[in-house]
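**Student:** What follows is target.pdb, made up of PDB, C-alpha atoms:
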```pdb
ATOM      1  CA  MET A   1      52.390  49.813  37.350  1.00  0.00           C
ATOM      2  CA  ILE A   2      54.623  49.970  40.428  1.00  0.00           C
ATOM      3  CA  LYS A   3      52.868  48.479  43.452  1.00  0.00           C
ATOM      4  CA  ILE A   4      53.371  50.348  46.727  1.00  0.00           C
ATOM      5  CA  LYS A   5      52.924  47.931  49.620  1.00  0.00           C
ATOM      6  CA  THR A   6      50.706  48.692  52.594  1.00  0.00           C
ATOM      7  CA  GLN A   7      51.901  48.056  56.159  1.00  0.00           C
ATOM      8  CA  ASP A   8      49.750  44.903  56.322  1.00  0.00           C
ATOM      9  CA  GLU A   9      51.289  43.649  53.086  1.00  0.00           C
ATOM     10  CA  LEU A  10      54.769  44.414  54.348  1.00  0.00           C
ATOM     11  CA  LYS A  11      54.190  42.335  57.475  1.00  0.00           C
ATOM     12  CA  LEU A  12      53.516  39.339  55.238  1.00  0.00           C
ATOM     13  CA  MET A  13      56.401  40.142  52.907  1.00  0.00           C
ATOM     14  CA  ARG A  14      58.786  40.239  55.853  1.00  0.00           C
ATOM     15  CA  GLN A  15      57.631  36.748  56.812  1.00  0.00           C
ATOM     16  CA  ALA A  16      58.045  35.403  53.284  1.00  0.00           C
ATOM     17  CA  CYS A  17      61.491  36.966  52.958  1.00  0.00           C
ATOM     18  CA  ALA A  18      62.568  35.610  56.352  1.00  0.00           C
ATOM     19  CA  VAL A  19      61.673  32.104  55.179  1.00  0.00           C
ATOM     20  CA  ALA A  20      63.558  32.605  51.899  1.00  0.00           C
ATOM     21  CA  ALA A  21      66.621  33.838  53.789  1.00  0.00           C
ATOM     22  CA  GLU A  22      66.622  30.937  56.227  1.00  0.00           C
ATOM     23  CA  VAL A  23      66.241  28.383  53.454  1.00  0.00           C
ATOM     24  CA  LEU A  24      69.104  29.969  51.502  1.00  0.00           C
ATOM     25  CA  ASP A  25      71.292  29.784  54.601  1.00  0.00           C
ATOM     26  CA  GLU A  26      70.388  26.128  55.057  1.00  0.00           C
ATOM     27  CA  ILE A  27      71.113  25.259  51.428  1.00  0.00           C
ATOM     28  CA  SER A  28      74.436  27.103  51.502  1.00  0.00           C
ATOM     29  CA  ALA A  29      75.512  25.121  54.563  1.00  0.00           C
ATOM     30  CA  PHE A  30      74.418  21.838  52.944  1.00  0.00           C
ATOM     31  CA  ILE A  31      76.566  22.266  49.822  1.00  0.00           C
ATOM     32  CA  LYS A  32      79.861  20.377  49.870  1.00  0.00           C
ATOM     33  CA  PRO A  33      82.078  18.422  47.465  1.00  0.00           C
ATOM     34  CA  GLY A  34      80.561  15.197  46.137  1.00  0.00           C
ATOM     35  CA  ILE A  35      76.922  16.234  46.474  1.00  0.00           C
ATOM     36  CA  ALA A  36      74.832  16.103  43.304  1.00  0.00           C
ATOM     37  CA  THR A  37      72.815  19.174  42.399  1.00  0.00           C
ATOM     38  CA  ARG A  38      69.690  16.990  42.462  1.00  0.00           C
ATOM     39  CA  ASP A  39      70.395  16.281  46.143  1.00  0.00           C
ATOM     40  CA  VAL A  40      70.674  20.023  46.797  1.00  0.00           C
ATOM     41  CA  ASN A  41      67.338  20.588  45.067  1.00  0.00           C
ATOM     42  CA  ASP A  42      65.681  17.803  47.096  1.00  0.00           C
ATOM     43  CA  PHE A  43      67.107  19.240  50.316  1.00  0.00           C
ATOM     44  CA  ALA A  44      65.761  22.680  49.372  1.00  0.00           C
ATOM     45  CA  ALA A  45      62.320  21.210  48.709  1.00  0.00           C
ATOM     46  CA  ALA A  46      62.260  19.592  52.139  1.00  0.00           C
ATOM     47  CA  ARG A  47      63.388  22.757  53.911  1.00  0.00           C
ATOM     48  CA  ILE A  48      60.873  24.968  52.113  1.00  0.00           C
ATOM     49  CA  LYS A  49      58.083  22.538  52.994  1.00  0.00           C
ATOM     50  CA  SER A  50      59.201  22.458  56.622  1.00  0.00           C
ATOM     51  CA  HIS A  51      58.564  26.204  56.830  1.00  0.00           C
ATOM     52  CA  GLY A  52      55.043  25.825  55.452  1.00  0.00           C
ATOM     53  CA  ALA A  53      56.023  27.562  52.224  1.00  0.00           C
ATOM     54  CA  LYS A  54      56.180  26.624  48.537  1.00  0.00           C
ATOM     55  CA  SER A  55      58.861  27.114  45.940  1.00  0.00           C
ATOM     56  CA  ALA A  56      58.165  30.246  43.939  1.00  0.00           C
ATOM     57  CA  PHE A  57      60.185  28.820  41.040  1.00  0.00           C
ATOM     58  CA  LEU A  58      58.845  25.284  40.570  1.00  0.00           C
ATOM     59  CA  GLY A  59      56.369  25.438  37.680  1.00  0.00           C
ATOM     60  CA  TYR A  60      56.897  29.161  37.089  1.00  0.00           C
ATOM     61  CA  ARG A  61      56.897  29.432  33.310  1.00  0.00           C
ATOM     62  CA  ARG A  62      57.346  25.627  33.512  1.00  0.00           C
ATOM     63  CA  TYR A  63      60.648  25.799  35.349  1.00  0.00           C
ATOM     64  CA  PRO A  64      61.222  22.201  36.573  1.00  0.00           C
ATOM     65  CA  CYS A  65      63.243  22.722  39.775  1.00  0.00           C
ATOM     66  CA  VAL A  66      62.665  24.037  43.291  1.00  0.00           C
ATOM     67  CA  VAL A  67      65.719  26.317  43.298  1.00  0.00           C
ATOM     68  CA  CYS A  68      68.088  27.571  40.597  1.00  0.00           C
ATOM     69  CA  LEU A  69      71.582  26.042  40.904  1.00  0.00           C
ATOM     70  CA  SER A  70      74.117  27.538  38.508  1.00  0.00           C
ATOM     71  CA  VAL A  71      77.684  26.180  38.572  1.00  0.00           C
ATOM     72  CA  ASN A  72      80.884  27.967  37.480  1.00  0.00           C
ATOM     73  CA  ASP A  73      80.172  29.478  34.017  1.00  0.00           C
ATOM     74  CA  GLU A  74      76.415  29.098  34.500  1.00  0.00           C
ATOM     75  CA  VAL A  75      74.925  32.523  35.205  1.00  0.00           C
ATOM     76  CA  VAL A  76      71.325  31.846  36.243  1.00  0.00           C
ATOM     77  CA  HIS A  77      68.478  29.320  35.896  1.00  0.00           C
ATOM     78  CA  GLY A  78      70.707  26.251  36.138  1.00  0.00           C
ATOM     79  CA  LEU A  79      68.898  22.915  36.449  1.00  0.00           C
ATOM     80  CA  ALA A  80      69.431  20.293  39.133  1.00  0.00           C
ATOM     81  CA  GLY A  81      70.625  16.896  37.945  1.00  0.00           C
ATOM     82  CA  ASP A  82      73.275  14.204  38.360  1.00  0.00           C
ATOM     83  CA  ARG A  83      76.231  16.607  38.288  1.00  0.00           C
ATOM     84  CA  GLU A  84      78.372  16.211  41.398  1.00  0.00           C
ATOM     85  CA  LEU A  85      79.832  19.375  42.828  1.00  0.00           C
ATOM     86  CA  GLN A  86      83.619  19.419  43.016  1.00  0.00           C
ATOM     87  CA  PHE A  87      85.989  21.174  45.385  1.00  0.00           C
ATOM     88  CA  GLY A  88      86.723  24.591  43.885  1.00  0.00           C
ATOM     89  CA  ASP A  89      83.390  24.956  42.072  1.00  0.00           C
ATOM     90  CA  ILE A  90      81.274  28.019  42.714  1.00  0.00           C
ATOM     91  CA  VAL A  91      77.503  27.598  42.833  1.00  0.00           C
ATOM     92  CA  SER A  92      74.933  30.344  42.540  1.00  0.00           C
ATOM     93  CA  VAL A  93      71.911  29.387  44.640  1.00  0.00           C
ATOM     94  CA  ASP A  94      68.782  31.368  43.783  1.00  0.00           C
ATOM     95  CA  THR A  95      65.973  30.703  46.249  1.00  0.00           C
ATOM     96  CA  GLY A  96      62.434  32.040  46.006  1.00  0.00           C
ATOM     97  CA  VAL A  97      59.512  31.053  48.215  1.00  0.00           C
ATOM     98  CA  SER A  98      55.812  31.758  48.258  1.00  0.00           C
ATOM     99  CA  TYR A  99      54.434  32.248  51.755  1.00  0.00           C
ATOM    100  CA  LYS A 100      51.063  33.647  52.786  1.00  0.00           C
ATOM    101  CA  GLY A 101      50.538  35.098  49.326  1.00  0.00           C
ATOM    102  CA  PHE A 102      53.889  36.891  48.994  1.00  0.00           C
ATOM    103  CA  ILE A 103      57.265  36.132  47.469  1.00  0.00           C
ATOM    104  CA  GLY A 104      60.663  36.184  49.141  1.00  0.00           C
ATOM    105  CA  ASP A 105      63.557  36.126  46.672  1.00  0.00           C
ATOM    106  CA  ASN A 106      67.302  35.953  47.374  1.00  0.00           C
ATOM    107  CA  ALA A 107      70.490  34.442  45.995  1.00  0.00           C
ATOM    108  CA  ARG A 108      74.169  34.001  46.756  1.00  0.00           C
ATOM    109  CA  THR A 109      77.144  32.301  45.169  1.00  0.00           C
ATOM    110  CA  VAL A 110      79.028  29.893  47.409  1.00  0.00           C
ATOM    111  CA  ALA A 111      82.363  28.146  47.030  1.00  0.00           C
ATOM    112  CA  VAL A 112      82.298  24.352  47.234  1.00  0.00           C
ATOM    113  CA  GLY A 113      84.843  23.653  49.940  1.00  0.00           C
ATOM    114  CA  GLY A 114      87.025  26.505  48.721  1.00  0.00           C
ATOM    115  CA  CYS A 115      87.883  28.244  45.470  1.00  0.00           C
ATOM    116  CA  GLY A 116      90.655  29.969  43.553  1.00  0.00           C
ATOM    117  CA  VAL A 117      91.766  33.558  43.922  1.00  0.00           C
ATOM    118  CA  LEU A 118      89.898  34.791  40.824  1.00  0.00           C
ATOM    119  CA  ALA A 119      86.683  33.074  41.885  1.00  0.00           C
ATOM    120  CA  GLN A 120      86.881  34.513  45.398  1.00  0.00           C
ATOM    121  CA  ARG A 121      87.529  37.991  44.057  1.00  0.00           C
ATOM    122  CA  LEU A 122      84.542  37.633  41.724  1.00  0.00           C
ATOM    123  CA  LEU A 123      82.342  36.626  44.657  1.00  0.00           C
ATOM    124  CA  ASP A 124      83.586  39.508  46.778  1.00  0.00           C
ATOM    125  CA  VAL A 125      83.120  42.144  44.072  1.00  0.00           C
ATOM    126  CA  THR A 126      79.634  40.896  43.193  1.00  0.00           C
ATOM    127  CA  GLU A 127      78.477  40.959  46.806  1.00  0.00           C
ATOM    128  CA  GLN A 128      80.014  44.413  47.277  1.00  0.00           C
ATOM    129  CA  ALA A 129      78.159  45.591  44.167  1.00  0.00           C
ATOM    130  CA  LEU A 130      74.909  44.331  45.673  1.00  0.00           C
ATOM    131  CA  ASP A 131      75.635  46.239  48.874  1.00  0.00           C
ATOM    132  CA  LEU A 132      76.307  49.427  46.914  1.00  0.00           C
ATOM    133  CA  GLY A 133      73.104  48.969  44.945  1.00  0.00           C
ATOM    134  CA  ILE A 134      71.120  48.501  48.149  1.00  0.00           C
ATOM    135  CA  ALA A 135      72.690  51.615  49.672  1.00  0.00           C
ATOM    136  CA  ALA A 136      71.403  53.603  46.677  1.00  0.00           C
ATOM    137  CA  ALA A 137      67.806  52.402  47.197  1.00  0.00           C
ATOM    138  CA  ARG A 138      66.668  55.551  48.957  1.00  0.00           C
ATOM    139  CA  PRO A 139      63.551  57.668  48.418  1.00  0.00           C
ATOM    140  CA  GLY A 140      64.120  60.392  45.861  1.00  0.00           C
ATOM    141  CA  ASN A 141      66.793  58.392  44.052  1.00  0.00           C
ATOM    142  CA  ARG A 142      66.015  56.620  40.808  1.00  0.00           C
ATOM    143  CA  VAL A 143      66.459  53.064  39.634  1.00  0.00           C
ATOM    144  CA  THR A 144      69.429  54.279  37.604  1.00  0.00           C
ATOM    145  CA  ASP A 145      71.195  55.245  40.842  1.00  0.00           C
ATOM    146  CA  ILE A 146      71.070  51.592  41.893  1.00  0.00           C
ATOM    147  CA  SER A 147      72.181  50.491  38.438  1.00  0.00           C
ATOM    148  CA  ARG A 148      75.068  52.957  38.301  1.00  0.00           C
ATOM    149  CA  ALA A 149      76.394  51.976  41.715  1.00  0.00           C
ATOM    150  CA  ILE A 150      76.486  48.325  40.694  1.00  0.00           C
ATOM    151  CA  GLN A 151      77.900  48.823  37.212  1.00  0.00           C
ATOM    152  CA  GLU A 152      80.668  51.196  38.241  1.00  0.00           C
ATOM    153  CA  HIS A 153      81.911  48.951  41.034  1.00  0.00           C
ATOM    154  CA  VAL A 154      81.896  45.850  38.840  1.00  0.00           C
ATOM    155  CA  GLU A 155      83.640  47.477  35.895  1.00  0.00           C
ATOM    156  CA  ASP A 156      86.146  49.342  38.085  1.00  0.00           C
ATOM    157  CA  ASN A 157      87.251  45.911  39.289  1.00  0.00           C
ATOM    158  CA  GLY A 158      87.703  44.508  35.783  1.00  0.00           C
ATOM    159  CA  PHE A 159      84.562  42.374  35.603  1.00  0.00           C
ATOM    160  CA  SER A 160      81.403  42.767  33.512  1.00  0.00           C
ATOM    161  CA  VAL A 161      77.676  43.002  34.150  1.00  0.00           C
ATOM    162  CA  VAL A 162      75.172  40.731  32.397  1.00  0.00           C
ATOM    163  CA  ARG A 163      72.717  42.756  30.299  1.00  0.00           C
ATOM    164  CA  GLU A 164      70.064  40.200  29.376  1.00  0.00           C
ATOM    165  CA  PHE A 165      68.798  39.543  32.923  1.00  0.00           C
ATOM    166  CA  VAL A 166      67.963  42.169  35.543  1.00  0.00           C
ATOM    167  CA  GLY A 167      66.463  42.743  38.966  1.00  0.00           C
ATOM    168  CA  HIS A 168      62.791  43.523  39.406  1.00  0.00           C
ATOM    169  CA  GLY A 169      59.952  44.514  41.634  1.00  0.00           C
ATOM    170  CA  VAL A 170      58.582  41.687  43.749  1.00  0.00           C
ATOM    171  CA  GLY A 171      55.541  41.193  45.970  1.00  0.00           C
ATOM    172  CA  ARG A 172      52.482  39.062  45.357  1.00  0.00           C
ATOM    173  CA  SER A 173      54.060  38.198  42.006  1.00  0.00           C
ATOM    174  CA  MET A 174      57.570  37.056  41.247  1.00  0.00           C
ATOM    175  CA  HIS A 175      58.165  39.804  38.711  1.00  0.00           C
ATOM    176  CA  GLU A 176      56.602  43.235  39.172  1.00  0.00           C
ATOM    177  CA  GLU A 177      57.557  46.682  37.971  1.00  0.00           C
ATOM    178  CA  PRO A 178      60.055  48.239  37.907  1.00  0.00           C
ATOM    179  CA  GLN A 179      62.871  46.400  36.210  1.00  0.00           C
ATOM    180  CA  VAL A 180      66.149  47.016  38.048  1.00  0.00           C
ATOM    181  CA  PRO A 181      69.076  46.626  35.624  1.00  0.00           C
ATOM    182  CA  ASN A 182      72.614  46.204  36.866  1.00  0.00           C
ATOM    183  CA  PHE A 183      73.745  48.704  34.246  1.00  0.00           C
ATOM    184  CA  VAL A 184      72.495  52.210  33.516  1.00  0.00           C
ATOM    185  CA  ASP A 185      69.452  52.009  31.249  1.00  0.00           C
ATOM    186  CA  ARG A 186      67.491  55.236  30.813  1.00  0.00           C
ATOM    187  CA  LYS A 187      64.358  53.206  30.079  1.00  0.00           C
ATOM    188  CA  SER A 188      64.436  52.057  33.712  1.00  0.00           C
ATOM    189  CA  ASN A 189      64.618  55.402  35.448  1.00  0.00           C
ATOM    190  CA  GLN A 190      61.655  55.345  37.819  1.00  0.00           C
ATOM    191  CA  ARG A 191      61.887  57.381  41.001  1.00  0.00           C
ATOM    192  CA  LEU A 192      62.121  55.279  44.149  1.00  0.00           C
ATOM    193  CA  GLN A 193      59.256  55.661  46.610  1.00  0.00           C
ATOM    194  CA  PRO A 194      58.672  54.370  50.149  1.00  0.00           C
ATOM    195  CA  GLY A 195      56.737  51.104  50.034  1.00  0.00           C
ATOM    196  CA  MET A 196      58.437  49.789  46.893  1.00  0.00           C
ATOM    197  CA  THR A 197      59.861  46.274  47.243  1.00  0.00           C
ATOM    198  CA  ILE A 198      62.538  45.322  44.748  1.00  0.00           C
ATOM    199  CA  ALA A 199      64.872  42.411  44.124  1.00  0.00           C
ATOM    200  CA  ILE A 200      68.349  43.803  43.492  1.00  0.00           C
ATOM    201  CA  GLU A 201      70.529  41.098  41.951  1.00  0.00           C
ATOM    202  CA  PRO A 202      73.833  41.744  40.211  1.00  0.00           C
ATOM    203  CA  MET A 203      74.906  38.959  37.849  1.00  0.00           C
ATOM    204  CA  VAL A 204      78.601  39.429  37.150  1.00  0.00           C
ATOM    205  CA  ASN A 205      80.947  37.658  34.737  1.00  0.00           C
ATOM    206  CA  ALA A 206      84.693  37.348  35.208  1.00  0.00           C
ATOM    207  CA  GLY A 207      85.080  37.783  31.456  1.00  0.00           C
ATOM    208  CA  ARG A 208      82.906  39.488  28.882  1.00  0.00           C
ATOM    209  CA  PRO A 209      79.215  40.228  29.520  1.00  0.00           C
ATOM    210  CA  GLY A 210      77.759  38.042  26.760  1.00  0.00           C
ATOM    211  CA  VAL A 211      75.589  35.044  27.666  1.00  0.00           C
ATOM    212  CA  LYS A 212      73.710  32.283  25.866  1.00  0.00           C
ATOM    213  CA  ILE A 213      70.981  29.794  26.771  1.00  0.00           C
ATOM    214  CA  LEU A 214      71.750  26.072  26.542  1.00  0.00           C
ATOM    215  CA  LYS A 215      69.630  23.545  24.668  1.00  0.00           C
ATOM    216  CA  ASP A 216      67.710  22.691  27.853  1.00  0.00           C
ATOM    217  CA  GLY A 217      65.954  26.028  27.345  1.00  0.00           C
ATOM    218  CA  TRP A 218      66.823  27.297  30.809  1.00  0.00           C
ATOM    219  CA  THR A 219      70.492  27.296  31.759  1.00  0.00           C
ATOM    220  CA  VAL A 220      72.190  30.611  30.998  1.00  0.00           C
ATOM    221  CA  VAL A 221      75.978  30.421  30.587  1.00  0.00           C
ATOM    222  CA  THR A 222      78.719  32.907  29.776  1.00  0.00           C
ATOM    223  CA  GLN A 223      79.564  32.993  26.081  1.00  0.00           C
ATOM    224  CA  ASP A 224      83.298  32.946  26.746  1.00  0.00           C
ATOM    225  CA  GLY A 225      83.218  30.215  29.395  1.00  0.00           C
ATOM    226  CA  SER A 226      84.279  32.570  32.188  1.00  0.00           C
ATOM    227  CA  LEU A 227      83.041  32.237  35.751  1.00  0.00           C
ATOM    228  CA  SER A 228      79.879  34.034  36.846  1.00  0.00           C
ATOM    229  CA  ALA A 229      78.491  35.068  40.244  1.00  0.00           C
ATOM    230  CA  HIS A 230      75.026  36.126  41.424  1.00  0.00           C
ATOM    231  CA  PHE A 231      73.929  37.775  44.675  1.00  0.00           C
ATOM    232  CA  GLU A 232      70.421  39.026  45.470  1.00  0.00           C
ATOM    233  CA  HIS A 233      68.309  40.530  48.241  1.00  0.00           C
ATOM    234  CA  THR A 234      64.707  41.656  48.397  1.00  0.00           C
ATOM    235  CA  VAL A 235      64.792  45.271  49.577  1.00  0.00           C
ATOM    236  CA  LEU A 236      62.156  47.684  50.877  1.00  0.00           C
ATOM    237  CA  VAL A 237      62.473  51.371  50.058  1.00  0.00           C
ATOM    238  CA  THR A 238      61.596  53.270  53.238  1.00  0.00           C
ATOM    239  CA  ASP A 239      61.415  56.933  54.234  1.00  0.00           C
ATOM    240  CA  ASP A 240      65.093  56.676  55.177  1.00  0.00           C
ATOM    241  CA  GLN A 241      67.528  53.760  54.883  1.00  0.00           C
ATOM    242  CA  PRO A 242      66.615  50.723  52.786  1.00  0.00           C
ATOM    243  CA  GLU A 243      65.403  47.663  54.682  1.00  0.00           C
ATOM    244  CA  ILE A 244      66.870  44.340  53.551  1.00  0.00           C
ATOM    245  CA  LEU A 245      63.835  42.066  53.856  1.00  0.00           C
ATOM    246  CA  THR A 246      65.801  38.880  53.149  1.00  0.00           C
ATOM    247  CA  CYS A 247      68.367  39.746  55.797  1.00  0.00           C
ATOM    248  CA  PRO A 248      66.582  41.646  58.587  1.00  0.00           C
ATOM    249  CA  ALA A 249      69.597  41.609  60.922  1.00  0.00           C
ATOM    250  CA  ARG A 250      71.835  43.241  58.339  1.00  0.00           C
ATOM    251  CA  THR A 251      71.514  47.000  58.509  1.00  0.00           C
ATOM    252  CA  LEU A 252      72.965  49.533  56.121  1.00  0.00           C
ATOM    253  CA  SER A 253      75.843  50.173  58.512  1.00  0.00           C
ATOM    254  CA  LYS A 254      76.876  46.527  58.162  1.00  0.00           C
ATOM    255  CA  LEU A 255      76.966  46.535  54.371  1.00  0.00           C
ATOM    256  CA  LYS A 256      80.340  46.120  52.693  1.00  0.00           C
ATOM    257  CA  VAL A 257      80.208  49.681  51.355  1.00  0.00           C
ATOM    258  CA  THR A 258      83.585  51.399  51.217  1.00  0.00           C
TER     259      THR A 258
END
```
What does the file become when written as structure tokens?
**Tutor:**
Amino acid sequence: MIKIKTQDELKLMRQACAVAAEVLDEISAFIKPGIATRDVNDFAAARIKSHGAKSAFLGYRRYPCVVCLSVNDEVVHGLAGDRELQFGDIVSVDTGVSYKGFIGDNARTVAVGGCGVLAQRLLDVTEQALDLGIAAARPGNRVTDISRAIQEHVEDNGFSVVREFVGHGVGRSMHEEPQVPNFVDRKSNQRLQPGMTIAIEPMVNAGRPGVKILKDGWTVVTQDGSLSAHFEHTVLVTDDQPEILTCPARTLSKLKVT
């Protein structure tokens, strides 16, 4: 069942999403060459605590880390450890917080010091695809309109969309209805209504779309070893333009929609 949020619930969701956005900004600024992913995770834990929030990921289905840190060919759900980030790596930072009973969920892929031309183009196209998906989150449209906008932009630029993992509704729970695929799936064709809050999150591979899960049971990597990028915002469907809850200062007019 799709949960339509009340105005009181939305006030709390905006607070949770603002915390998630600030923490993601702080983590992104902290990342630099030579830092171990465990240090990034510890920094994230401290920042989340400083805001009076909790990690929405730690312990969720027994996930062992505070944030998801996925490096280079890792798509999502990467685990923090001893690995030191190198100049030229790209790191997908997925940050979810629980605050006052609601979840804020957002992600971005950042370059460690800098990156190659292909990696930068992958980051740009993935973020543009997110913007196009958000722009399609209007009342009267369907989930497939979001999915189509993302898929077409990604594939028109020679990249591929991951099929096994998708966006989702979000609110009091991390995963609510509806599922929001980054490819057109007629099984996810619900009509968008004001009050819906959804996490739109394209996961894009530089190579083929196939993925696999490593022996740790969590880390998802590309099957062909190609780079992968991940961007995400929590978005409110309104009576008019979508509201980006995890980036309140970023209006539709400022999206990278061309």
**Student:** Quick one: of A:Asn189, A:Thr144, A:Ser226, A:Thr234, who's nearest to A:His168, counting only C-alpha atoms?
**Tutor:**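 Among A:Asn189, A:Thr144, A:Ser226, A:Thr234, it is A:Thr234 that comes nearest to A:His168.
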**Student:** Atom CA of A:Ile103 and atom CA of A:Thr246 are how many Å apart?
**Tutor:**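 These two atoms are separated by 10.6 Å.
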**Student:** List as JSON, numbers by chain the protein and nucleic acid residues near A:Gln7, meaning an atom at most 12 Å away when all atoms listed in the file are counted, but skip any in the same chain fewer than 6 places from it.
**Tutor:** {"A": [13, 14, 194, 195, 196, 236, 238]}
**Student:** Using all atoms listed in the file, which of the listed residues (A:Ala119, A:Val184, A:Met174, A:Leu192) sits closest to A:Arg138?
**Tutor:**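 For A:Arg138, the nearest of the given residues is A:Leu192.
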**Student:** Taking the file as shown, find all residues satisfying the PyMOL selection byres ((chain A and resi 97-99) around 7) and write them as a list in words.
**Tutor:**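 Applying the PyMOL selection byres ((chain A and resi 97-99) around 7) to the structure shown produces Ala16, Ala20, Ala53, Lys54, Ser55, Ala56, Thr95, Gly96, Lys100, Gly101, Phe102, Ile103, Gly104 and Asp105 of chain A.
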**Student:** Using all atoms listed in the file, find the one residue out of A:Ser228, A:Gln128, A:Thr219, A:Ser92 that sits nearest to A:Val161.
**Tutor:**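 Once distances to A:Val161 are computed over all atoms listed in the file, the minimum belongs to A:Ser228.
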**Student:** Quick one: distance from atom CA of A:Arg83 to atom CA of A:Glu127 in Å, one decimal?
**Tutor:**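 That distance, rounded to one decimal, is 25.9 Å.
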**Student:** Just how far from atom CA of A:Arg38 is atom CA of A:Val66, in Å to one decimal?
**Tutor:**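 These atoms are spaced 10.0 Å apart.
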**Student:** Looking at A:Cys115, A:Ala80, A:Val40, A:Val75, which one is nearest to A:Val166, with distances taken over only C-alpha atoms?
**Tutor:**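 Result for the nearest residue to A:Val166: A:Val75.
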**Student:** Determine the residue membership of the PyMOL selection byres ((chain A and resi 222) around 8) for the file above and supply it as a ChimeraX atom specification.
**Tutor:** /A:73-75,205,208-212,220-221,223-228
**Student:** Which is closer to A:Ala107 than all the others in A:Leu214, A:Cys68, A:Ile198, A:Val93, using all atoms listed in the file?
**Tutor:**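 Once distances to A:Ala107 are computed over all atoms listed in the file, the minimum belongs to A:Val93.
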**Student:** Within 9 Å of A:Trp218, counting all atoms listed in the file, which residues qualify if same-chain residues fewer than 5 places away don't, as a PyMOL selection string?
**Tutor:** chain A and resi 63+76-79+213
**Student:** Can you translate the PyMOL selection byres ((chain A and resi 178) around 10) into the concrete residues it hits in this file, as a VMD selection string?
**Tutor:** chain A and resid 1 to 3 143 167 to 170 175 to 177 179 to 181 188 to 192 196 to 199
**Student:** Would you kindly return, as a ChimeraX atom specification, each protein, DNA or RNA residue with an atom no farther than 6 Å from any atom of A:Phe87, considering all atoms listed in the file and excluding same-chain residues fewer than 4 positions away?
**Tutor:** /A:33,112-113
**Student:** Could the centre and edge lengths of an axis-aligned box, enclosing all atoms of stretch 178-192 of chain A in the file with 6 Å extra on each side, be given in Å to one decimal as JSON?
**Tutor:**
```
{"center_x": 66.9, "center_y": 51.8, "center_z": 37.1, "size_x": 25.7, "size_y": 23.2, "size_z": 26.1}
```
**Student:** Do you know which residues lie at most 10 Å from (76.4, 14.2, 44.9), with coordinates as in the file and all atoms listed in the file counted, and could you write them as number ranges by chain?
**Tutor:** A: 31-40, 81-86
**Student:** Check the smallest atom-to-atom distance from each of A:Asn72, A:Gln120, A:Asn106, A:Ser28 to A:Leu245 using only C-alpha atoms, then report the winner.
**Tutor:**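 Answer, going by the shortest atom-to-atom distance: A:Asn106.
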**Student:** Some atoms are missing, so please complete stretch 203-214 of chain A with N, CA and C atoms and return it as an mmCIF file, in the coordinates of the input.
**Tutor:**
```cif
data_model
loop_
_atom_site.group_PDB
_atom_site.id
_atom_site.type_symbol
_atom_site.label_atom_id
_atom_site.label_comp_id
_atom_site.auth_asym_id
_atom_site.auth_seq_id
_atom_site.Cartn_x
_atom_site.Cartn_y
_atom_site.Cartn_z
ATOM 1 N N MET A 203 74.357 40.169 38.467
ATOM 2 C CA MET A 203 74.906 38.959 37.849
ATOM 3 C C MET A 203 76.169 39.396 37.131
ATOM 4 N N VAL A 204 77.307 38.883 37.553
ATOM 5 C CA VAL A 204 78.601 39.429 37.150
ATOM 6 C C VAL A 204 79.473 38.327 36.559
ATOM 7 N N ASN A 205 80.056 38.611 35.401
ATOM 8 C CA ASN A 205 80.947 37.658 34.737
ATOM 9 C C ASN A 205 82.401 38.061 34.938
ATOM 10 N N ALA A 206 83.268 37.071 35.095
ATOM 11 C CA ALA A 206 84.693 37.348 35.208
ATOM 12 C C ALA A 206 85.268 37.802 33.876
ATOM 13 N N GLY A 207 84.639 37.390 32.786
ATOM 14 C CA GLY A 207 85.080 37.783 31.456
ATOM 15 C C GLY A 207 84.165 38.811 30.829
ATOM 16 N N ARG A 208 83.773 38.557 29.601
ATOM 17 C CA ARG A 208 82.906 39.488 28.882
ATOM 18 C C ARG A 208 81.455 39.310 29.308
ATOM 19 N N PRO A 209 80.591 40.286 29.016
ATOM 20 C CA PRO A 209 79.215 40.228 29.520
ATOM 21 C C PRO A 209 78.280 39.292 28.766
ATOM 22 N N GLY A 210 78.672 38.831 27.581
ATOM 23 C CA GLY A 210 77.759 38.042 26.760
ATOM 24 C C GLY A 210 77.366 36.711 27.386
ATOM 25 N N VAL A 211 76.100 36.319 27.164
ATOM 26 C CA VAL A 211 75.589 35.044 27.666
ATOM 27 C C VAL A 211 74.821 34.335 26.558
ATOM 28 N N LYS A 212 74.547 33.056 26.781
ATOM 29 C CA LYS A 212 73.710 32.283 25.866
ATOM 30 C C LYS A 212 72.920 31.271 26.682
ATOM 31 N N ILE A 213 71.830 30.781 26.105
ATOM 32 C CA ILE A 213 70.981 29.794 26.771
ATOM 33 C C ILE A 213 71.258 28.418 26.164
ATOM 34 N N LEU A 214 71.461 27.419 27.017
ATOM 35 C CA LEU A 214 71.750 26.072 26.542
ATOM 36 C C LEU A 214 70.508 25.409 25.946
#
```
